[in-house]
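One structure below.
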Amino acid sequence: METFSAGRKELAELHFHLGQSVDPHILWSIAHEQGIKLPSKDYWEFYEMVTLTKPGEITWADYHELFKWTELIQSSPVAMERAVYEVINGAYRANNITLLEPSFNPIFRNRSGERDLDHIILAALRGMERALIEFPMIRAGLIFLLDRRSPFSLNEIILKKAIKYRTRGVVGIDIAGPNADGFKYDDYADLYARARAAGLKTTVHTGEDGDAAEMAHVVSVLPLDRLNHGFRAYTDKALMETVQKKNLTMCLCPTSNMRVGFIKDSQHLGEVLRALYDNGVKFCINTDNPAMLRTNLSKEIELVRQTGALTEAEIDQTVRWAFDASFVPTEAGRNLYL
Ligand SMILES: [Zn+2]
């Protein structure tokens with residue numbers, strides 16, 4: 001039988017943050033459902049507040065400030081269930097994404113300890129399971145984000161929760177957030193080793209705001225399965241060789257890097273992609289913050305296509321690399337974690 005999805009390529013998305021992935025009208029609805037007092041009663045003012053549409057519109061320092069409203073709105077079990085459910089089923093319907101790994105920081109959603117973390121996490125898992133029951137062709141798993149601004153003790157709590165819910169659908173950990181005083185990757189080598197020993201997969205944000213030297217250090221100290229961003233390696237042959245030898249797939253996010261000016265334009269993006277491909281580095285295309293950046297995975301792949309740097313067969317290869325690098329178990333019957 002001919003179906004709507006026939007002929008559409010299945011896509012996988014491994015790097016996007018729940019906070020900036022829920023469409024503004026759904027966030028607006030969730031905020032009102034919970035009686036959250038927003039700074040504006042005008043939907044379009046709210047829309048402007050939670051989205052970024054123009055290149056160079058924001059500095060790197062202000063970028064993370066934008067996340068605070070979306071994190072506050074998502075800071076309850078009811079909100080988390082709906083947010084995860086809407087993101088997973090929306091990505092499937094709009095872009096035929098059949099493999100998704102949304103990430104979030106549970107501690108940024110418990111209103112500084114007012115909410116119980118287990119309730120927040122279980123609600124997120126419930127939202128994921130609802131989407132997987134309704135759309136059985138989707139596979140998904142949650143990634144917990146640690147943050148460079150948080151003390152080690154809080155990040156360690158997130159690791160413990162990830163391990164606790166590993167068999168329920170939490171598949172890995174990641175470190176994100178702007179650099180902060182006192183944060184050292186070396187302090188996280190043991191924590192990352194504990195994650196892997198417990199059966200979780202690991203990734204980290206690197207080679208984004210930092211340089212290739214920072215990235216080379218991160219890759220040397222943390223036990224890793226993938227990298228988020230990492231595009232800065234394109235200037236460093238030795239680093240690309242290390243990434244290739246360690247078999248780390250980079251989860252690139254073109255618009256995200258261009259909006260804050262790290263990648264200058266389409267030509268620069270093309271240079272990055274070609275250098276990585278020619279040096280044997282596996283990478284895949286992702287959105288990072290699709291609702292905030294008003295993008296989606298199909299648009300990001302189109303952006304890559306428009307650089308002219310990769311052939312159609314090479315673009316297809318990046319999609320296969322995404323499926324290959326997934327943290328979600330593929331064994332029959334494991335999808336629902338039941
Ligand atoms: Zn990211």
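Convention: chains lettered A, B, ... in structure tokens order; per-chain residue numbering from 1; ligands numbered from 1 as shown.
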
Quiz prompt | Ala83 of chain A environment, 8 Å, only C-alpha atoms, sequence neighbours closer than 2 positions dropped, as a list in words | solution = Leu18, Val22, Leu27, Gln74, Ala79, Met80, Glu81, Tyr85, Glu86, Val87, Ala124 and Gly127 of chain A

The selected residues should be written to file as an mmCIF file, in the first residue's frame (atoms: C-alpha atoms).
data_model
loop_
_atom_site.group_PDB
_atom_site.id
_atom_site.type_symbol
_atom_site.label_atom_id
_atom_site.label_comp_id
_atom_site.auth_asym_id
_atom_site.auth_seq_id
_atom_site.Cartn_x
_atom_site.Cartn_y
_atom_site.Cartn_z
ATOM 1 C CA LEU A 18 14.633 19.171 24.717
ATOM 2 C CA VAL A 22 9.426 22.094 21.756
ATOM 3 C CA LEU A 27 5.510 25.663 25.209
ATOM 4 C CA GLN A 74 9.403 22.295 31.398
ATOM 5 C CA ALA A 79 5.304 19.469 31.348
ATOM 6 C CA MET A 80 8.058 16.923 30.821
ATOM 7 C CA GLU A 81 5.719 14.160 29.739
ATOM 8 C CA TYR A 85 5.946 13.155 23.719
ATOM 9 C CA GLU A 86 5.445 16.150 21.391
ATOM 10 C CA VAL A 87 9.093 16.350 20.339
ATOM 11 C CA ALA A 124 9.969 12.123 30.586
ATOM 12 C CA GLY A 127 6.237 10.806 27.376
#

Practice problem: Please write out the residues within 10 Å of ligand 1 as a ChimeraX atom specification, counting only C-alpha atoms and all ligand atoms. | Solution: /A:14-17,20,103-104,145,174-177,204-206,208,228-229,251-253,256-257,286-289

Once you have the residues from the selection above, write them out as an mmCIF file, in the first residue's frame, restricted to N, CA and C atoms.
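Generated file (again.cif):
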data_model
loop_
_atom_site.group_PDB
_atom_site.id
_atom_site.type_symbol
_atom_site.label_atom_id
_atom_site.label_comp_id
_atom_site.auth_asym_id
_atom_site.auth_seq_id
_atom_site.Cartn_x
_atom_site.Cartn_y
_atom_site.Cartn_z
ATOM 1 N N LEU A 14 20.578 12.684 16.617
ATOM 2 C CA LEU A 14 21.268 12.277 17.845
ATOM 3 C C LEU A 14 21.660 13.455 18.740
ATOM 4 N N HIS A 15 21.514 14.679 18.242
ATOM 5 C CA HIS A 15 21.984 15.835 19.026
ATOM 6 C C HIS A 15 20.958 16.954 18.962
ATOM 7 N N PHE A 16 20.044 16.955 19.930
ATOM 8 C CA PHE A 16 19.120 18.085 20.080
ATOM 9 C C PHE A 16 18.640 18.139 21.522
ATOM 10 N N HIS A 17 18.460 19.362 21.998
ATOM 11 C CA HIS A 17 18.163 19.603 23.408
ATOM 12 C C HIS A 17 16.669 19.827 23.584
ATOM 13 N N GLN A 20 15.045 23.410 23.844
ATOM 14 C CA GLN A 20 14.882 24.276 22.675
ATOM 15 C C GLN A 20 14.304 23.513 21.487
ATOM 16 N N SER A 103 17.994 15.182 24.499
ATOM 17 C CA SER A 103 18.802 15.330 25.711
ATOM 18 C C SER A 103 18.233 16.440 26.591
ATOM 19 N N PHE A 104 18.416 16.284 27.900
ATOM 20 C CA PHE A 104 18.034 17.356 28.827
ATOM 21 C C PHE A 104 18.765 17.172 30.143
ATOM 22 N N LEU A 145 21.997 15.406 30.317
ATOM 23 C CA LEU A 145 23.045 16.416 30.191
ATOM 24 C C LEU A 145 23.586 16.794 31.550
ATOM 25 N N ASP A 174 26.080 13.306 28.631
ATOM 26 C CA ASP A 174 26.719 14.327 27.797
ATOM 27 C C ASP A 174 27.064 15.480 28.753
ATOM 28 N N ILE A 175 28.033 16.314 28.384
ATOM 29 C CA ILE A 175 28.287 17.554 29.144
ATOM 30 C C ILE A 175 28.066 18.722 28.197
ATOM 31 N N ALA A 176 27.260 19.708 28.632
ATOM 32 C CA ALA A 176 26.986 20.883 27.807
ATOM 33 C C ALA A 176 27.099 22.139 28.667
ATOM 34 N N GLY A 177 26.671 23.266 28.099
ATOM 35 C CA GLY A 177 26.687 24.530 28.836
ATOM 36 C C GLY A 177 27.953 25.322 28.549
ATOM 37 N N VAL A 204 30.041 14.280 24.481
ATOM 38 C CA VAL A 204 30.379 15.539 25.146
ATOM 39 C C VAL A 204 30.334 16.673 24.124
ATOM 40 N N HIS A 205 29.941 17.866 24.584
ATOM 41 C CA HIS A 205 30.017 19.053 23.728
ATOM 42 C C HIS A 205 31.456 19.543 23.713
ATOM 43 N N THR A 206 32.062 19.540 22.548
ATOM 44 C CA THR A 206 33.439 20.029 22.437
ATOM 45 C C THR A 206 33.703 20.473 21.000
ATOM 46 N N GLU A 208 33.346 23.345 19.816
ATOM 47 C CA GLU A 208 32.244 24.236 19.417
ATOM 48 C C GLU A 208 32.700 25.672 19.685
ATOM 49 N N ASN A 228 29.655 15.784 20.355
ATOM 50 C CA ASN A 228 28.684 16.770 19.890
ATOM 51 C C ASN A 228 29.430 17.997 19.392
ATOM 52 N N HIS A 229 29.114 18.434 18.185
ATOM 53 C CA HIS A 229 29.858 19.463 17.442
ATOM 54 C C HIS A 229 31.218 18.884 17.021
ATOM 55 N N CYS A 251 28.460 14.720 15.920
ATOM 56 C CA CYS A 251 27.078 15.134 15.661
ATOM 57 C C CYS A 251 27.080 16.650 15.417
ATOM 58 N N LEU A 252 27.175 17.025 14.154
ATOM 59 C CA LEU A 252 27.302 18.436 13.769
ATOM 60 C C LEU A 252 25.940 19.127 13.727
ATOM 61 N N CYS A 253 25.944 20.454 13.928
ATOM 62 C CA CYS A 253 24.712 21.246 13.913
ATOM 63 C C CYS A 253 24.977 22.553 13.163
ATOM 64 N N SER A 256 23.084 25.999 14.124
ATOM 65 C CA SER A 256 23.443 26.382 15.491
ATOM 66 C C SER A 256 24.811 27.070 15.511
ATOM 67 N N ASN A 257 25.774 26.500 14.811
ATOM 68 C CA ASN A 257 27.119 27.081 14.783
ATOM 69 C C ASN A 257 27.156 28.379 13.987
ATOM 70 N N ASN A 286 22.592 17.360 12.529
ATOM 71 C CA ASN A 286 21.603 17.476 13.612
ATOM 72 C C ASN A 286 21.135 18.922 13.724
ATOM 73 N N THR A 287 20.171 19.159 14.620
ATOM 74 C CA THR A 287 19.600 20.511 14.729
ATOM 75 C C THR A 287 20.015 21.265 15.996
ATOM 76 N N ASP A 288 20.437 20.578 17.045
ATOM 77 C CA ASP A 288 20.807 21.192 18.330
ATOM 78 C C ASP A 288 19.584 21.779 19.046
ATOM 79 N N ASN A 289 19.014 22.854 18.472
ATOM 80 C CA ASN A 289 17.898 23.569 19.118
ATOM 81 C C ASN A 289 16.830 23.927 18.071
#

Exercise. DSSP on the backbone, then: every residue of segment 86-242 of chain A marked alpha helix (DSSP H), written as a VMD selection string.
Key: chain A and resid 86 to 95 117 to 134 152 to 164 189 to 197 212 to 221 237 to 242

Quiz item: Hey, what's within 9 Å of Trp28 of chain A if we count only C-alpha atoms and toss same-chain stuff fewer than 6 positions away? As a PyMOL selection string, please?
Solution: chain A and resi 43+46-47+73

Practice problem: Write out as a list of chain:residue names each polymer residue whose atoms come within 6 Å of Phe283 of chain A, counting only C-alpha atoms; drop sequence neighbours fewer than 6 positions from it. | Solution: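 So the residues in contact are A:Thr249, A:Met250, A:Cys251, A:Thr318.
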
Quiz item: Do you have the atom CA of Thr202 of chain A-atom CA of Pro223 of chain A distance handy?
Solution: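 Computed distance, atom CA of Thr202 of chain A to atom CA of Pro223 of chain A, equals 7.4 Å.
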
Quiz item: Which residue, A:Ala238, A:Ala233, A:Leu38, A:Leu200, has the smallest gap to Arg166 of chain A when you use only C-alpha atoms?
Solution: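 Closest residue, counting only C-alpha atoms: A:Leu200.
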
Quiz item: Can you list, as number ranges by chain, every protein, DNA or RNA residue that comes within 7 Å of Ile97 of chain A when you count only C-alpha atoms, leaving out same-chain residues fewer than 3 positions away?
Solution: A: 10-13, 91-92, 100

Write out, as a JSON list (two decimals), in the first residue's frame, the residues just selected, with C-alpha atoms.
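Once written, result.json looks like this:
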[["chain", "number", "residue", "atom", "x", "y", "z"],
["A", 10, "GLU", "CA", 14.25, 7.69, 7.25],
["A", 11, "LEU", "CA", 16.40, 10.04, 9.29],
["A", 12, "ALA", "CA", 18.08, 9.86, 12.70],
["A", 13, "GLU", "CA", 18.75, 12.73, 15.05],
["A", 91, "ALA", "CA", 9.96, 14.91, 14.55],
["A", 92, "TYR", "CA", 8.59, 11.70, 13.06],
["A", 100, "LEU", "CA", 15.77, 10.10, 18.19]]

Quiz item: Which polymer residues have any atom within 12 Å of an atom of Arg93 of chain A, counting only C-alpha atoms, with same-chain residues fewer than 2 positions away left out, as a list in words?
Solution: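 After dropping sequence-adjacent residues, the list is Phe4, Ser5, Arg8, Glu10, Leu11, Glu86, Val87, Ile88, Asn89, Gly90, Ala91, Asn95, Asn96, Ile97, Thr98, Ala131, Glu134, Phe135, Met137, Ile138 and Asn296 of chain A.
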
All strand (DSSP E) positions in segment 9-212 of chain A, as a PDB file with N, CA and C atoms, in the first residue's frame:
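Result saved to part-v5.pdb:
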ATOM      1  N   LEU A  11      15.290   9.270   8.745  1.00  0.00           N
ATOM      2  CA  LEU A  11      16.400  10.045   9.289  1.00  0.00           C
ATOM      3  C   LEU A  11      16.580   9.732  10.771  1.00  0.00           C
ATOM      4  N   ALA A  12      17.780  10.026  11.268  1.00  0.00           N
ATOM      5  CA  ALA A  12      18.076   9.857  12.697  1.00  0.00           C
ATOM      6  C   ALA A  12      18.603  11.172  13.228  1.00  0.00           C
ATOM      7  N   GLU A  13      18.193  11.514  14.441  1.00  0.00           N
ATOM      8  CA  GLU A  13      18.746  12.730  15.054  1.00  0.00           C
ATOM      9  C   GLU A  13      19.284  12.407  16.437  1.00  0.00           C
ATOM     10  N   LEU A  14      20.578  12.684  16.617  1.00  0.00           N
ATOM     11  CA  LEU A  14      21.268  12.277  17.845  1.00  0.00           C
ATOM     12  C   LEU A  14      21.660  13.455  18.740  1.00  0.00           C
ATOM     13  N   HIS A  15      21.514  14.679  18.242  1.00  0.00           N
ATOM     14  CA  HIS A  15      21.984  15.835  19.026  1.00  0.00           C
ATOM     15  C   HIS A  15      20.958  16.954  18.962  1.00  0.00           C
ATOM     16  N   PHE A  16      20.044  16.955  19.930  1.00  0.00           N
ATOM     17  CA  PHE A  16      19.120  18.085  20.080  1.00  0.00           C
ATOM     18  C   PHE A  16      18.640  18.139  21.522  1.00  0.00           C
ATOM     19  N   HIS A  17      18.460  19.362  21.998  1.00  0.00           N
ATOM     20  CA  HIS A  17      18.163  19.603  23.408  1.00  0.00           C
ATOM     21  C   HIS A  17      16.669  19.827  23.584  1.00  0.00           C
ATOM     22  N   ILE A  97      11.771  11.246  11.032  1.00  0.00           N
ATOM     23  CA  ILE A  97      12.890  10.850  11.906  1.00  0.00           C
ATOM     24  C   ILE A  97      12.425   9.641  12.718  1.00  0.00           C
ATOM     25  N   THR A  98      13.078   8.502  12.490  1.00  0.00           N
ATOM     26  CA  THR A  98      12.638   7.266  13.142  1.00  0.00           C
ATOM     27  C   THR A  98      13.577   6.850  14.275  1.00  0.00           C
ATOM     28  N   LEU A  99      14.622   7.631  14.487  1.00  0.00           N
ATOM     29  CA  LEU A  99      15.538   7.348  15.591  1.00  0.00           C
ATOM     30  C   LEU A  99      15.897   8.677  16.247  1.00  0.00           C
ATOM     31  N   LEU A 100      15.566   8.809  17.521  1.00  0.00           N
ATOM     32  CA  LEU A 100      15.768  10.097  18.194  1.00  0.00           C
ATOM     33  C   LEU A 100      16.387   9.910  19.569  1.00  0.00           C
ATOM     34  N   GLU A 101      17.278  10.820  19.911  1.00  0.00           N
ATOM     35  CA  GLU A 101      17.886  10.792  21.243  1.00  0.00           C
ATOM     36  C   GLU A 101      17.834  12.191  21.864  1.00  0.00           C
ATOM     37  N   PRO A 102      16.661  12.620  22.346  1.00  0.00           N
ATOM     38  CA  PRO A 102      16.572  13.946  22.969  1.00  0.00           C
ATOM     39  C   PRO A 102      17.412  14.007  24.245  1.00  0.00           C
ATOM     40  N   SER A 103      17.994  15.182  24.499  1.00  0.00           N
ATOM     41  CA  SER A 103      18.802  15.330  25.711  1.00  0.00           C
ATOM     42  C   SER A 103      18.233  16.440  26.591  1.00  0.00           C
ATOM     43  N   PHE A 104      18.416  16.284  27.900  1.00  0.00           N
ATOM     44  CA  PHE A 104      18.034  17.356  28.827  1.00  0.00           C
ATOM     45  C   PHE A 104      18.765  17.172  30.143  1.00  0.00           C
ATOM     46  N   ARG A 139      12.388   4.556  17.118  1.00  0.00           N
ATOM     47  CA  ARG A 139      13.210   4.133  18.247  1.00  0.00           C
ATOM     48  C   ARG A 139      13.717   5.398  18.928  1.00  0.00           C
ATOM     49  N   ALA A 140      13.814   5.371  20.248  1.00  0.00           N
ATOM     50  CA  ALA A 140      14.261   6.575  20.957  1.00  0.00           C
ATOM     51  C   ALA A 140      14.923   6.205  22.274  1.00  0.00           C
ATOM     52  N   LEU A 142      16.751   8.525  25.893  1.00  0.00           N
ATOM     53  CA  LEU A 142      17.046   9.847  26.464  1.00  0.00           C
ATOM     54  C   LEU A 142      18.518   9.947  26.855  1.00  0.00           C
ATOM     55  N   ILE A 143      19.086  11.120  26.620  1.00  0.00           N
ATOM     56  CA  ILE A 143      20.450  11.411  27.070  1.00  0.00           C
ATOM     57  C   ILE A 143      20.370  12.460  28.176  1.00  0.00           C
ATOM     58  N   PHE A 144      21.048  12.217  29.288  1.00  0.00           N
ATOM     59  CA  PHE A 144      21.061  13.199  30.378  1.00  0.00           C
ATOM     60  C   PHE A 144      22.278  14.118  30.214  1.00  0.00           C
ATOM     61  N   LEU A 145      21.997  15.406  30.317  1.00  0.00           N
ATOM     62  CA  LEU A 145      23.045  16.416  30.191  1.00  0.00           C
ATOM     63  C   LEU A 145      23.586  16.794  31.550  1.00  0.00           C
ATOM     64  N   LEU A 146      24.900  16.760  31.677  1.00  0.00           N
ATOM     65  CA  LEU A 146      25.568  17.393  32.805  1.00  0.00           C
ATOM     66  C   LEU A 146      25.919  18.789  32.325  1.00  0.00           C
ATOM     67  N   ASP A 147      26.247  19.704  33.260  1.00  0.00           N
ATOM     68  CA  ASP A 147      26.497  21.081  32.834  1.00  0.00           C
ATOM     69  C   ASP A 147      27.817  21.586  33.398  1.00  0.00           C
ATOM     70  N   VAL A 170      17.013   5.499  29.466  1.00  0.00           N
ATOM     71  CA  VAL A 170      18.090   6.507  29.469  1.00  0.00           C
ATOM     72  C   VAL A 170      19.316   5.804  28.878  1.00  0.00           C
ATOM     73  N   VAL A 171      19.860   6.367  27.802  1.00  0.00           N
ATOM     74  CA  VAL A 171      20.885   5.629  27.055  1.00  0.00           C
ATOM     75  C   VAL A 171      22.299   6.202  27.193  1.00  0.00           C
ATOM     76  N   GLY A 172      22.416   7.452  27.659  1.00  0.00           N
ATOM     77  CA  GLY A 172      23.762   8.001  27.729  1.00  0.00           C
ATOM     78  C   GLY A 172      23.836   9.310  28.488  1.00  0.00           C
ATOM     79  N   ILE A 173      25.075   9.819  28.635  1.00  0.00           N
ATOM     80  CA  ILE A 173      25.299  11.127  29.258  1.00  0.00           C
ATOM     81  C   ILE A 173      26.143  12.005  28.340  1.00  0.00           C
ATOM     82  N   ASP A 174      26.080  13.306  28.631  1.00  0.00           N
ATOM     83  CA  ASP A 174      26.719  14.327  27.797  1.00  0.00           C
ATOM     84  C   ASP A 174      27.064  15.480  28.753  1.00  0.00           C
ATOM     85  N   ILE A 175      28.033  16.314  28.384  1.00  0.00           N
ATOM     86  CA  ILE A 175      28.287  17.554  29.144  1.00  0.00           C
ATOM     87  C   ILE A 175      28.066  18.722  28.197  1.00  0.00           C
ATOM     88  N   ALA A 176      27.260  19.708  28.632  1.00  0.00           N
ATOM     89  CA  ALA A 176      26.986  20.883  27.807  1.00  0.00           C
ATOM     90  C   ALA A 176      27.099  22.139  28.667  1.00  0.00           C
ATOM     91  N   LYS A 201      26.201   4.985  27.311  1.00  0.00           N
ATOM     92  CA  LYS A 201      27.111   5.518  26.305  1.00  0.00           C
ATOM     93  C   LYS A 201      27.434   6.970  26.671  1.00  0.00           C
ATOM     94  N   THR A 202      28.522   7.485  26.084  1.00  0.00           N
ATOM     95  CA  THR A 202      28.961   8.834  26.466  1.00  0.00           C
ATOM     96  C   THR A 202      29.241   9.711  25.248  1.00  0.00           C
ATOM     97  N   HIS A 205      29.941  17.866  24.584  1.00  0.00           N
ATOM     98  CA  HIS A 205      30.017  19.053  23.728  1.00  0.00           C
ATOM     99  C   HIS A 205      31.456  19.543  23.713  1.00  0.00           C
ATOM    100  N   THR A 206      32.062  19.540  22.548  1.00  0.00           N
ATOM    101  CA  THR A 206      33.439  20.029  22.437  1.00  0.00           C
ATOM    102  C   THR A 206      33.703  20.473  21.000  1.00  0.00           C
TER     103      THR A 206
END

Practice problem: Kindly give the distance, in Å, that separates atom CA of Asp186 of chain A and atom CA of Ile107 of chain A, rounded to a single decimal. | Solution: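 A separation of 22.1 Å between them.
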
Self-check item: Among listed residues A:Arg320, A:His268, A:Arg168, A:Lys184, nearest Val218 of chain A (using only C-alpha atoms)
Solution: A:Lys184

Practice problem: Find the residues around segment 308-317 of chain A up to 8 Å (only C-alpha atoms counted), leave out those fewer than 4 positions away in its own chain, and share them as a PyMOL selection string. | Solution: chain A and resi 270-271+273-274+301+304+321
